[in-house]
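A quick write-up on the structure given underneath.
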There are 2 protein chains.
Amino acid sequence: MASARQVNAGRSTPVRITVEQLGLARRLSALDTAGPVNVEIINTGSELLLGAVLNTHQQWLCEQLAAHGYVVDRQVAIADSGPAIEQAVRESLARADCVITTGGLGPTSDDLTRDRIAALLHRALHEDADVLAHVEQFFQARRRPVPPATRVQALVPEGALVLANPHGTAPGLVIEVKPNQFRADGRPSWLVMLPGPPRELYPMFTAKVLPLLRQVLPRPPQFVCCTLRSTGIGESVVEEQIAAPLKPLVDLGLELGYCARTGEVDVRLSASGDDAARLVGQAEDIVRRLIGKHIFGSGDDTLEAVVVRLLAERRRTLVLAESCTGGFMAHRITNVPGASAVFFGGLVTYSNEAKRQLLGVRAETLAAHSAVSEAVAREMAEGARVKWGTDYALSVTGIAGPTGASPAKPVGTVFIALAKAGETVALHSFNPFDRETFKFVTSQQALELLRQELLETAGASEQA
Amino acid sequence: MASARQVNAGRSTPVRITVEQLGLARRLSALDTAGPVNVEIINTGSELLLGAVLNTHQQWLCEQLAAHGYVVDRQVAIADSGPAIEQAVRESLARADCVITTGGLGPTSDDLTRDRIAALLHRALHEDADVLAHVEQFFQARRRPVPPATRVQALVPEGALVLANPHGTAPGLVIEVKPNQFRADGRPSWLVMLPGPPRELYPMFTAKVLPLLRQVLPRPPQFVCCTLRSTGIGESVVEEQIAAPLKPLVDLGLELGYCARTGEVDVRLSASGDDAARLVGQAEDIVRRLIGKHIFGSGDDTLEAVVVRLLAERRRTLVLAESCTGGFMAHRITNVPGASAVFFGGLVTYSNEAKRQLLGVRAETLAAHSAVSEAVAREMAEGARVKWGTDYALSVTGIAGPTGASPAKPVGTVFIALAKAGETVALHSFNPFDRETFKFVTSQQALELLRQELLETAGASEQA
C-alpha cells in the first residue's frame with residue numbers, strides 16, 4: 001500500500017530537555033497511550049469573524065495534527081474580545097487533552113490572549129528576562145527602536161514553558177492545567193498559546209509543539225491513514241459499492257469517511273493500533289477492486305498532476321482546444337510544475353471564426369451542426385493536434401450559460417473530444433451548474449477521458 | 001455615492017409569505033431592532049478537522065453577514081459526529097439569536113445534521129412531498145436513476161421552513177426555536193441549516209436566508225456599508241494615505257477596515273444610525289480623492305468583470321496571448337457572463353515554436369532576447385492582435401518557477417504588453433511568489449494595465 005501514510009510516534013526526535021524542565025517525564029508511563037487524545041483549536045481575531053481573511057491556520061494545524069494521530073474535535077474562531085476568549089478557553093479546557101490558541105499575543109490593544117488566560121488560570125504574570133532580551137535584540141537587529149508596547153510580550157504566566165520565537169517577538173507559551181481545575185474526569189490538559197503570523201506559527205508548531213505533544217500525550221505507535229480520490233462516480237454510488245464490503249473491517253476498528261465535491265469523491269481509510277496497517281491495507285484493496293477504475297490518485301494528488309505524470313511517463317504531448325471552459329483546463333495543467341515538458345499550449349476559441357481559422361473547423365460542419373456539437377468537438381481536437389503536432393489534443397465545446405441555450409441544447413450541454421493518431425473519441429455530457437462549477441466538472445471529465453486513454457497506453461519502457 | 005451599498009431593512013424585498021407561514025409577522029414590531037443581533041456559525045465536516053479542505057464557507061458567510069450588519073460572535077467547526085453536532089448546536093442556541101449550520105444534509109451515513117437537530121429540538125421528521133418530487137426531478141433531468149439513499153433528503157422537521165435548493169437535492173431548513181428552550185433570557189433563536197456544497201449554499205444564503213434574517217431579525221434602519229476595491233497599491237500605503245484624513249469621521253462613528261490579499265486591498269467603510277449614509281459618503285469621497293486611481297470597483301466587483309464591462313461600454317474587443325499565466329487570464333475573463341461579446345479568445349503558448357508559429361514572434365527576437373523579455377512580450381501582443389483582428393491584445397511572458405530561472409532573470413520575472421492600433425505599451429514586473437499567487441498577481445497587473453488604458457479611452461457614446 002504505497003499510498004498509505006504511516007506515522008510512527010516512536011521515531012520522533014526527542015525533546016526531553018523541555019519536558020524534564022517541567023518535571024513531567026516521570027508521569028509519561030502513567031498516561032493511557034491507547035485512548036484517543038482530543039485536541040481543540042481556538043483561533044482569535046476579529047478579522048476572521050468579519051470575513052476579512054480566510055482562516056488558513058485551522059486547516060494547516062488540523063492537517064499536521066491528523067498526520068501525527070491527533071484528533072481535532074473542535075475548532076472555534078472568536079473575536080479579539082476578553083470575555084469571548086475566556087469563555088472559549090474555559091469550555092475547551094473542560095473537554096480536551098490539549099487546547100491550542102492562535103493569535104492575540106502581540107503588542108497592540110486588541111492582543112488579549114496572554115492576559116485573559118493568565119487571569120482564567122489564576123497565574124500571575126512576570127517579566128521574563130530572556131524573552132525581553134530577545135525582543136530587544138529583534139528590534140536592534142533591524143536597526144529600529146524598541147516600541148514601549150512590545151515589552152508586554154515578555155510577560156509569562158507563572159509555571160509556563162516558553163517557546164522561543166526566532167521569526168518574531170512574541171514567544172509561544174505552554175501551560176499544564178491542573179487536573180480538576182476545569183475537567184470533571186481528573187485528567188490534566190495542556191494549553192498551548194501560539195502567535196498568529198503564519199511565518200512565526202508554522203515553524204514553532206513543527207519544531208517545538210509537535211515534539212512536545214508526542215512526548216506528553218503520546219500516540220499509539222501505529223496510526224495509518226490513506227485517502228483515495230475518485231472522479232466520475234457520485235458519493236452515494238461510492239457508498240453503495242463499498243460500505244457493505246468494508247463493514248467487517250469497520251467492526252475491527254477501521255474508520256471510513258467520505259468527502260464529496262462536485263466532480264470528485266474522496267474515500268478516507270484510517271486505523272490506529274498494532275493492526276492499523278493491515279486493516280487499512282485490506283480496505284484499500286477492497287475499495288480499489290470495487291471502484292478502482294474511478295480512483296485517479298491518493299493523498300494530495302490532483303487529477304491534472306496525475307495526467308501530467310502519465311503523459312511524462314509515456315513521453316506523450318498534449319494540446320488543448322477550449323471553448324466553454326475558457327482557459328480553465330490550460331490553467332489546471334499549467335499549475336503542475338514541469339507541465340511544460342508535455343503541454344505544448346492551448347487555444348481558447350470562443351467565436352466560430354476562431355474555430356475555423358485557428359483550428360481548421362469547417363464552415364459546413366459549423367453550419368450543419370452548430371458550434372456546440374460532437375462534430376465540431378471532433379474537428380477542434382483533430383485540427384489542434386495537426387496544427388501543433390502533438391500526440392493528443394483534447395477539446396471541449398458547450399454551453400456554460402447563462403445565455404446561448406436552446407430547447408435542444410440546454411445550459412450545461414457539453415461535447416468533449418480526444419484526438420490521437422488514427423482515432424478521435426468523443427463524449428457527450430450534461431453539466432447544468434453555475435459557471436465556475438460547470439468549468440470544473442467539464443475539465444474533470446475531459447482530463448479523466450485522457451487519463452483512461454493513457455492507462456490503456458503502454459508505458460514508455462515497454463515502447464523503448 | 002453610487003457605489004455605497006445601502007442595506008436598509010425597510011427596503012428589502014419582502015418575503016412575508018414565508019414568514020407568515022410560520023405565523024411570525026405579528027411579532028416583528030416587538031423585536032428590539034436597535035440591539036446587536038448575535039450570529040453563530042457551525043460548520044460540520046470531518047474533512048475540516050482532518051485539514052483535508054480549507055473552510056472557505058466561514059469567511060464567505062462572515063463577510064456576507066458583516067456587510068448586512070450582523071455580528072458573527074463565534075464560528076465552530078466539528079466532525080460529522082452526532083454527539084458533537086448536538087453539543088455544538090445546544091451551546092450556540094443558548095447564546096445566539098441566529099445559529100447557522102453548514103453541511104451534513106446529504107444522503108450518506110455521515111450526514112447527521114438533520115436527524116440530530118430534530119432529536120435535540122424534539123421535532124418529528126416527516127417526508128415532504130414537494131422536496132421528494134424535487135429530488136426525483138433532479139436525477140431525472142440528469143438521466144440518472146434516483147439512489148434510494150437520497151430519499152432521506154426529503155425529511156423535514158416538524159414546523160420547519162423549507163428553502164428550495166435549485167442547485168442540488170438537499171433543501172435548506174429554518175426552525176424558530178422556542179424562547180426558553182435553550183436560552184435563559186427568554187428570547188427565541190433562529191436555527192438555519194444549509195447544505196455544504198458552495199454552489200448550493202451561496203445562492204441559497206443570498207436569495208433566501210438574508211432576506212429572511214432581515215425580516216425576522218431586522219438591523220437598524222440605517223446601516224450603510226461600502227467596500228472599495230483597489231489594486232497596484234500595498235495595504236500599508238493605503239493606510240498611510242487615508243487613515244489620518246478619515247480620523248475625524250472615525251471619531252463620529254465611521255468604522256474603517258482593511259482587507260489585504262496579494263494583489264488587492266479592500267477598504268471597508270461602514271456606519272450605523274441616522275447619520276450613516278452621510279458619514280460613509282464623505283469617507284468614500286476622501287478615499288477616492290486620495291487613492292482613486294487604484295480603485296477598480298466596489299462591493300463584489302472583480303477586476304475581470306470591470307474590464308469586461310469597460311470593453312463592452314467602449315465596444316472594444318480583446319484577445320490574450322499567455323505564456324506564464326497558462327490560461328488563467330482567459331479563465332478569469334471567461335468567468336464573467338457575457339464575456340464572449342468582447343473576448344474573442346486566447347492562446348496559451350508555452351513553447352518558442354508556438355510563439356513563432358501561432359503569434360508570429362520572430363526567431364531573431366527569441367534568439368536575441370530569450371522568450372522572457374519585453375521584446376517578445378511586445379511581439380506576442382502585436383502578433384495576436386493582427387491575427388485575430390481585435391482592438392486590443394494583452395500578452396504575458398515570465399518565469400513562474402520552480403525551474404527556468406537565471407541570475408539575470410530570477411523566478412518571478414514578468415513582462416506584460418498591451419497592443420492597440422499604432423502603439424504597444426509594455427510593463428516589467430517582479431512577482432516572486434508561489435505558482436498560483438504568481439499567476440493571480442501577474443494577471444492582476446495585466447488586467448489593470450488594460451483597465452487604465454480603457455479609462456483613458458473615450459466611451460462609445462462619445463465616439464458615435
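In the C-alpha cells, the first chain shown is A, the next is B, and so on; residue numbers restart at 1 for each chain, and ligands run from 1 in the order shown.
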
With only C-alpha atoms counted and 6 Å as the cut-off, give the residues of chain B in contact with chain A, each with its shortest interatomic distance in Å and the pair that gives it, as a Markdown table.
| residue | atom | partner | partner_atom | distance |
| --- | --- | --- | --- | --- |
| B:Leu49 | CA | A:Cys62 | CA | 5.5 |
| B:Leu50 | CA | A:Cys62 | CA | 5.2 |
| B:Gly51 | CA | A:Glu63 | CA | 4.1 |
| B:Leu54 | CA | A:Gln59 | CA | 5.6 |
| B:Gln59 | CA | A:Gly51 | CA | 4.2 |
| B:Cys62 | CA | A:Gly51 | CA | 4.5 |
| B:Glu63 | CA | A:Gly51 | CA | 4.1 |
| B:Ala66 | CA | A:Leu50 | CA | 5.7 |
| B:Val72 | CA | A:Leu49 | CA | 5.7 |
| B:Arg74 | CA | A:Ile78 | CA | 5.0 |
| B:Gln75 | CA | A:Ala77 | CA | 5.0 |
| B:Val76 | CA | A:Val76 | CA | 4.4 |
| B:Ala77 | CA | A:Gln75 | CA | 5.0 |
| B:Ile78 | CA | A:Arg74 | CA | 4.9 |
| B:Cys259 | CA | A:Ala52 | CA | 5.4 |
| B:Gly326 | CA | A:His331 | CA | 5.2 |
| B:Gly327 | CA | A:Gly327 | CA | 4.5 |
| B:Phe328 | CA | A:His331 | CA | 5.0 |
| B:Ala330 | CA | A:Gly327 | CA | 5.1 |
| B:His331 | CA | A:Gly327 | CA | 4.7 |
| B:Thr334 | CA | A:Gly326 | CA | 5.5 |
| B:Phe344 | CA | A:Tyr350 | CA | 5.8 |
| B:Gly345 | CA | A:Thr349 | CA | 4.9 |
| B:Gly346 | CA | A:Val348 | CA | 4.8 |
| B:Leu347 | CA | A:Leu347 | CA | 4.7 |
| B:Val348 | CA | A:Gly346 | CA | 4.8 |
| B:Thr349 | CA | A:Gly345 | CA | 4.9 |
| B:Tyr350 | CA | A:Gly345 | CA | 5.5 |

*Pick out each residue of region 240-383 of chain B that DSSP on the backbone tags as alpha helix (DSSP H); I need them as number ranges by chain.*
B: 240-251, 276-291, 303-313, 328-334, 352-359, 363-369, 374-383

*For Pro107 (chain B), which residue among B:Pro218, B:Pro195, B:Pro188, B:Pro203 is the nearest when counting only C-alpha atoms?*
B:Pro195

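Around region 118-129 of chain B, within 6 Å and counting only C-alpha atoms, the residues found are Ala154, Leu155, Val156, Pro157 and Glu158 of chain B, once anything fewer than 6 positions away on its own chain is removed.
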
_Quick one: residues within 10 Å of Asp111 (chain B), only C-alpha atoms, excluding same-chain residues fewer than 3 positions away - as a ChimeraX atom specification?_
/B:44-45,80-82,103-108,114-116,152-153

_Contacts of Phe139 (chain B) within 12 Å, only C-alpha atoms, excl. fewer than 5 positions in-chain, as a VMD selection string_ = (chain A and resid 234 430 432) or (chain B and resid 132 to 134 144 to 148 150 to 151 167 to 169)

*What does the distance from CA of Phe415 (chain B) to CA of Phe296 (chain B) come to in Å, to one decimal?*
22.0 Å

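For the set B:Phe440, B:Phe138, B:Phe205, B:Trp190, the residue with the smallest atom-to-atom gap to Leu303 (chain B) is B:Phe440, counting only C-alpha atoms.
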